[in-house]
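Peer 1: I'd like to ask some things about the structure below.
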Amino acid sequence: MSEMWINMGPQHPMTHGLWNLRVRIDGELILDADPEMGYLHRGIEKISEDRHYNEVITLMDRTCYVAGLAWEHLYVLASEKALHITPPERAEYIRMTCDELQRIGSHIMWYAAFVQDIGLMSPFLYGMRDRDLILDLFQSFTGARLTYEYMRVGGVRNDLPPTFTDQARKILDWLTDRFHEYDQLCMGSAIFRKRCDNLGVLKANDCIAHGITGPMLRSAGVKRDLRKDRPYSRYGSVDFDVAVADGADVTARYLVRMEEMRQSVRILRQTVDWLEKHPGPVMADHLPRWLGAPYAPVGREGYLLKRNYAKGVGFSSVEEPHGEAQAYVVNEGGEHPYRVKFRSPVFANLSAVRQYLVGYRVADIPPILGSVDVCVGEVDR
Amino acid sequence: MQPDDLVKALAPKLGPNLLAVEPFDGMAGRVRFKREGALDLFRAVRDDLTFTHLSMVGGIDWVDHREVFYVAWSDSARQYVLLSTDVPATDAHVETASSVWPSANWHERETWELVDITFDHHPDLRHLLTPDGYVFHPLLRSFKLHEPEELEVKSRHV
C-alpha cells in the first residue's frame with residue numbers, strides 16, 4: 001500500500017491542545033512522526049524581560065494551565081535565588097501544599113481526559129467531579145480556580161483561611177476512597193487493559209537519552225524524583241515514597257500517576273498538620289517596595305525608582321506533575337529580569353515522540369499520547 | 001561533586017579549551033569553555049562524569065556577545081552541572097550537542113530560532129515554535145516589544 005503523511009491536528013480530540021502531529025503511515029502502521037509545535041507560542045520568555053519580577057507570576061499560570069501553582073513555585077524559587085531573598089518557612093510549607101494539591105488536580109484532569117480518549121466515558125465525569133473539590137479549596141485561599149497568581153517572590157500573597165485545614169482533610173479523606181474506585185474502573189476493565197498494555201513502550205535508556213522525565217521515566221523503572229533526589233522547599237522533611245513501575249508502557253504510566261496521587265495525599269496530611277501547628281509570617285521581611293507587601297498592588301512609582309540590587313543568577317528545578325521543570329533567571333540589577341529561560345518537561349517528552357510511536361497502529365495514537373499527558377501551553381510557552 | 005572534581009576530570013581532556021570552573025548555587029559547578037572544545041567537553045561530561053541526562057539548552061543575548069548554556073543531570077551524583085560558552089554576536093555558532101545527547105535536538109532548534117545561534121551539524125535545524133519563513137529572532141535584545149511588525153508568513157505544507 002502507498003505511504004502517506006496525515007495531519008492529526010491542530011484541531012483533533014487526541015491533541016489536548018493546539019498542535020499538529022504529522023504521521024507517515026502505511027495502511028494502519030505508523031512509519032514516522034513529526035510533531036509541529038508553535039500554535040500556542042506566546043513568547044512568555046520574551047514578555048518576562050519586559051515585566052517586573054512579580055508580574056511574571058501572572059504568565060506562569062498561563063504556561064501550564066492545569067498546573068499553574070507548580071509553575072509559580074518554579075519561577076519564584078529561581079527568582080529568589082537571583083535576588084538573594086529567603087522566604088519564611090511557613091510560606092515554603094504552603095507552597096508545598098499547593099504543589100501537591102496541584103499534582104492531584106493535574107493527574108485527575110489527565111485521568112479524566114486520557115480515559116475518555118480510550119472510550120470510557122464515566123471516569124471523565126467522576127474525575128471532573130473530584131477535581132472540582134480541589135479547585136474549591138484553591139478558591140478558598142487564592143480567590144481563583146485556574147489562574148491563581150498566588151505565590152510571590154519572597155513568600156505567598158496571603159495566609160490560609162482558618163477553615164483550610166478542616167476542608168483540606170475532608171477532601172483528602174474523600175479522594176483516598178475515590179482512588180480505589182478509579183482503579184476498579186480502569187485496571188478492572190478488560191477493555192482498558194487490552195488497549196493499554198504493551199503500548200508506547202520506551203525503555204529506561206531511551207528515556208534518559210531523550211531527556212524524558214516525570215511519570216514517563218518512572219514508569220520505565222528509573223527511581224528519579226527531584227523531591228527526593230534534590231529536595232527543594234521543605235520536601236526533605238516530609239515522608240513519602242517515589243512511585244515507580246517497570247512496564248514502560250501506557251499501563252505503567254497510569255499506575256505511576258495513580259500511586260503519585262496517593263503519595264501526594266500522604267505528603268498533604270503531613271504539611272496540613274504542620275501548617276495547623278505553626279502560624280507565622282508568609283512573606284519575607286525587608287523586601288524592596290516594588291516586590292510588594294501582601295495585598296499591596298505594585299505601584300507605578302516602583303518602576304520609576306531606579307535602584308540597583310546585587311546581580312545574580314538563579315536556577316531552580318521542580319518536580320512538576322508532568323516531570324522535571326527548570327527555570328533560569330538572570331538578574332542584572334533593576335526591576336526586570338534580564339533573561340528568563342524555562343525548561344518544560346512535556347517539551348522534552350514530546351520531542352521523543354518518534355521513539356514511542358513508530359511501529360504502532362494509528363488507533364494506538366490516542367492512548368499513547370494520552371499517557372504522555374501533553375500540556376501544549378508549557379511546550380510552546 | 002565539587003568544582004575541583006570537575007577540573008580534575010575535564011582539564012586533561014580539554015586543555016586550553018577549558019576556561020574556568022566556578023561554584024554555582026545548587027549545582028556541581030559552572031564550566032566555562034571555548035566553543036572549539038564543545039564536543040570533547042560534552043563527551044567527557046556524559047561519559048566520565050556520568051551526566052547522562054541533558055535537561056536544557058538555552059541562549060542569552062548579552063550586550064557584546066551571546067552565551068549558550070547547557071544544564072545536565074547526573075543520576076549517580078544527583079546533581080546538575082551548568083556548561084556555558086560565549087560566542088561573538090557576528091559569528092554565533094557552536095557544535096551541536098545532539099550527537100552526544102539526543103535530547104538536545106529540540107532545545108537547539110528553539111535556541112536557533114529565538115536567539116539566533118546556529119548549531120553546526122545539527123540533524124534537523126528547522127523552525128519549531130515560530131513559523132517557517134519567520135525572519136526575526138524574538139529573544140534578541142534588539143527585538144523590541146510594543147512595536148508590531150508587519151510580516152508575511154508562508155506555511156510549510158500548502
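Every chain in the C-alpha cells has a letter given in the order shown (A, B, ...), and although residue numbers restart at 1 in each chain, ligands are simply numbered from 1 in the order shown.
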Residues of chain B within 6 Å of chain A, using only C-alpha atoms, as a ChimeraX atom specification?
Peer 2: /B:53,101-103,128-130,139
Peer 1: Using DSSP secondary structure from the backbone, list all strand (DSSP E or B) positions within range 39-150 of chain B, as a PyMOL selection string.
Peer 2: chain B and resi 53-61+65-74+79-88+93-95+118-120
Peer 1: Write out as a list of chain:residue names the residues lying within 9 Å of Val56 in chain A, counting only C-alpha atoms and excluding same-chain residues fewer than 4 positions away.
Peer 2: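 Counting only C-alpha atoms, the residues come to A:Ile44, A:Ile47, A:Ser48, A:Glu49, A:Arg51, A:His52, A:Met60, A:Glu72, A:Tyr75.
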Peer 1: Under the rule that only C-alpha atoms are counted, which of B:Leu10, B:Val115, B:Val135, B:Leu140 is the nearest residue to Arg43 in chain B?
Peer 2: B:Leu10
Peer 1: Could you check which of A:Arg178, A:Arg195, A:Arg218, A:Arg95 is closest to Arg152 in chain A, using only C-alpha atoms?
Peer 2: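 For Arg152 in chain A, the nearest of the given residues is A:Arg95.
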Peer 1: Quick one: everything within 9 Å of His127 in chain B, counting only C-alpha atoms, minus sequence neighbours fewer than 4 positions away in the same chain. Send it as a list in words.
Peer 2: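 Answer for this query is Arg109, Glu110, Trp112, Glu113, Pro131, Asp132, Gly133 and Tyr134 of chain B.
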Peer 1: Just write the chosen residues, C-alpha atoms, as a short mmCIF file (atom, residue, chain, number, x, y, z; two decimals), in the first residue's frame.
Peer 2:
```
data_model
loop_
_atom_site.label_atom_id
_atom_site.label_comp_id
_atom_site.auth_asym_id
_atom_site.auth_seq_id
_atom_site.Cartn_x
_atom_site.Cartn_y
_atom_site.Cartn_z
CA ARG B 109 16.11 24.25 17.34
CA GLU B 110 14.42 26.60 19.76
CA TRP B 112 18.50 28.75 16.93
CA GLU B 113 15.25 30.43 16.01
CA PRO B 131 6.52 29.66 11.52
CA ASP B 132 8.70 28.84 8.53
CA GLY B 133 9.99 31.99 6.91
CA TYR B 134 9.91 33.96 10.14
#
```
Peer 1: Among range 155-269 of chain A, which ones does DSSP place in alpha helix (DSSP H), written as a PyMOL selection string?
Peer 2: chain A and resi 164-186+190-196+204-209+215-218+226-229+250-269
Peer 1: Grab the CA of Ser233 in chain A to CA of Ala91 in chain A distance for me, in Å with one decimal place.
Peer 2: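 CA of Ala91 in chain A lies 9.1 Å from CA of Ser233 in chain A.
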Peer 1: If you count only C-alpha atoms, which residues fall within 9 Å of Arg141 in chain B, apart from same-chain ones fewer than 4 positions away, as a PyMOL selection string?
Peer 2: chain B and resi 61-63
Peer 1: Keeping only N, CA and C atoms, take the residues you just selected and write them out as a PDB file, in the first residue's frame.
Peer 2:
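Result file is selection00.pdb:
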```
ATOM      1  N   ASP B  61      21.356  36.742  25.072  1.00  0.00           N
ATOM      2  CA  ASP B  61      21.918  37.794  24.242  1.00  0.00           C
ATOM      3  C   ASP B  61      22.461  38.886  25.155  1.00  0.00           C
ATOM      4  N   TRP B  62      23.770  38.900  25.355  1.00  0.00           N
ATOM      5  CA  TRP B  62      24.390  39.949  26.162  1.00  0.00           C
ATOM      6  C   TRP B  62      24.676  41.144  25.272  1.00  0.00           C
ATOM      7  N   VAL B  63      25.168  42.216  25.888  1.00  0.00           N
ATOM      8  CA  VAL B  63      25.354  43.449  25.123  1.00  0.00           C
ATOM      9  C   VAL B  63      26.358  43.240  23.987  1.00  0.00           C
TER      10      VAL B  63
END
```
Peer 1: Taking only C-alpha atoms into account, name the residue in A:Gly312, A:His84, A:Leu160, A:Asn7 that is nearest to Phe24 in chain B.
Peer 2: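 That would be A:Gly312, the residue with the smallest distance to Phe24 in chain B.
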Peer 1: Which one is closest to His12 in chain A: A:Thr63, A:Glu55, A:Gly323, A:Ile365? Count only C-alpha atoms.
Peer 2: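 Closest residue, counting only C-alpha atoms: A:Ile365.
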Peer 1: Using only C-alpha atoms, determine which residues lie at most 12 Å from Met128 in chain A, disregarding the query and same-chain residues fewer than 2 positions distant; provide the list as a PyMOL selection string.
Peer 2: chain A and resi 104-113+116+121-126+130-135
Peer 1: Write the selection just made, keeping C-alpha atoms, as a PDB file, in the first residue's frame?
Peer 2:
```
ATOM      1  CA  ILE A 104      -3.527  15.640  42.330  1.00  0.00           C
ATOM      2  CA  GLY A 105      -5.629  18.119  40.365  1.00  0.00           C
ATOM      3  CA  SER A 106      -3.452  17.765  37.293  1.00  0.00           C
ATOM      4  CA  HIS A 107      -3.344  13.970  37.471  1.00  0.00           C
ATOM      5  CA  ILE A 108      -7.118  13.768  37.882  1.00  0.00           C
ATOM      6  CA  MET A 109      -7.511  16.037  34.875  1.00  0.00           C
ATOM      7  CA  TRP A 110      -5.127  13.750  32.987  1.00  0.00           C
ATOM      8  CA  TYR A 111      -7.031  10.658  34.122  1.00  0.00           C
ATOM      9  CA  ALA A 112     -10.340  12.128  33.009  1.00  0.00           C
ATOM     10  CA  ALA A 113      -9.083  13.146  29.577  1.00  0.00           C
ATOM     11  CA  GLN A 116     -12.119   9.377  27.710  1.00  0.00           C
ATOM     12  CA  MET A 121     -16.982   7.911  29.384  1.00  0.00           C
ATOM     13  CA  SER A 122     -17.937   7.689  33.048  1.00  0.00           C
ATOM     14  CA  PRO A 123     -14.445   8.170  34.563  1.00  0.00           C
ATOM     15  CA  PHE A 124     -14.357  11.568  32.904  1.00  0.00           C
ATOM     16  CA  LEU A 125     -17.376  12.684  34.897  1.00  0.00           C
ATOM     17  CA  TYR A 126     -16.079  11.218  38.155  1.00  0.00           C
ATOM     18  CA  ASP A 130     -13.339  15.239  42.254  1.00  0.00           C
ATOM     19  CA  ARG A 131     -11.048  17.833  40.694  1.00  0.00           C
ATOM     20  CA  ASP A 132     -13.663  20.462  41.439  1.00  0.00           C
ATOM     21  CA  LEU A 133     -13.178  19.881  45.159  1.00  0.00           C
ATOM     22  CA  ILE A 134      -9.512  20.779  44.806  1.00  0.00           C
ATOM     23  CA  LEU A 135     -10.415  23.872  42.797  1.00  0.00           C
TER      24      LEU A 135
END
```
Peer 1: Report the distance between CA of His121 in chain B and CA of Leu41 in chain B in Å, rounded to one decimal place.
Peer 2: 16.5 Å
Peer 1: Identify, on the basis of only C-alpha atoms, every residue whose closest approach to Val68 in chain B does not exceed 7 Å; exclude the query and any residue fewer than 5 positions from it along the same chain; express the result as a PyMOL selection string.
Peer 2: chain B and resi 58-60+84-86
Peer 1: How many Å separate CA of His336 in chain A from CA of Tyr53 in chain A?
Peer 2: 5.8 Å
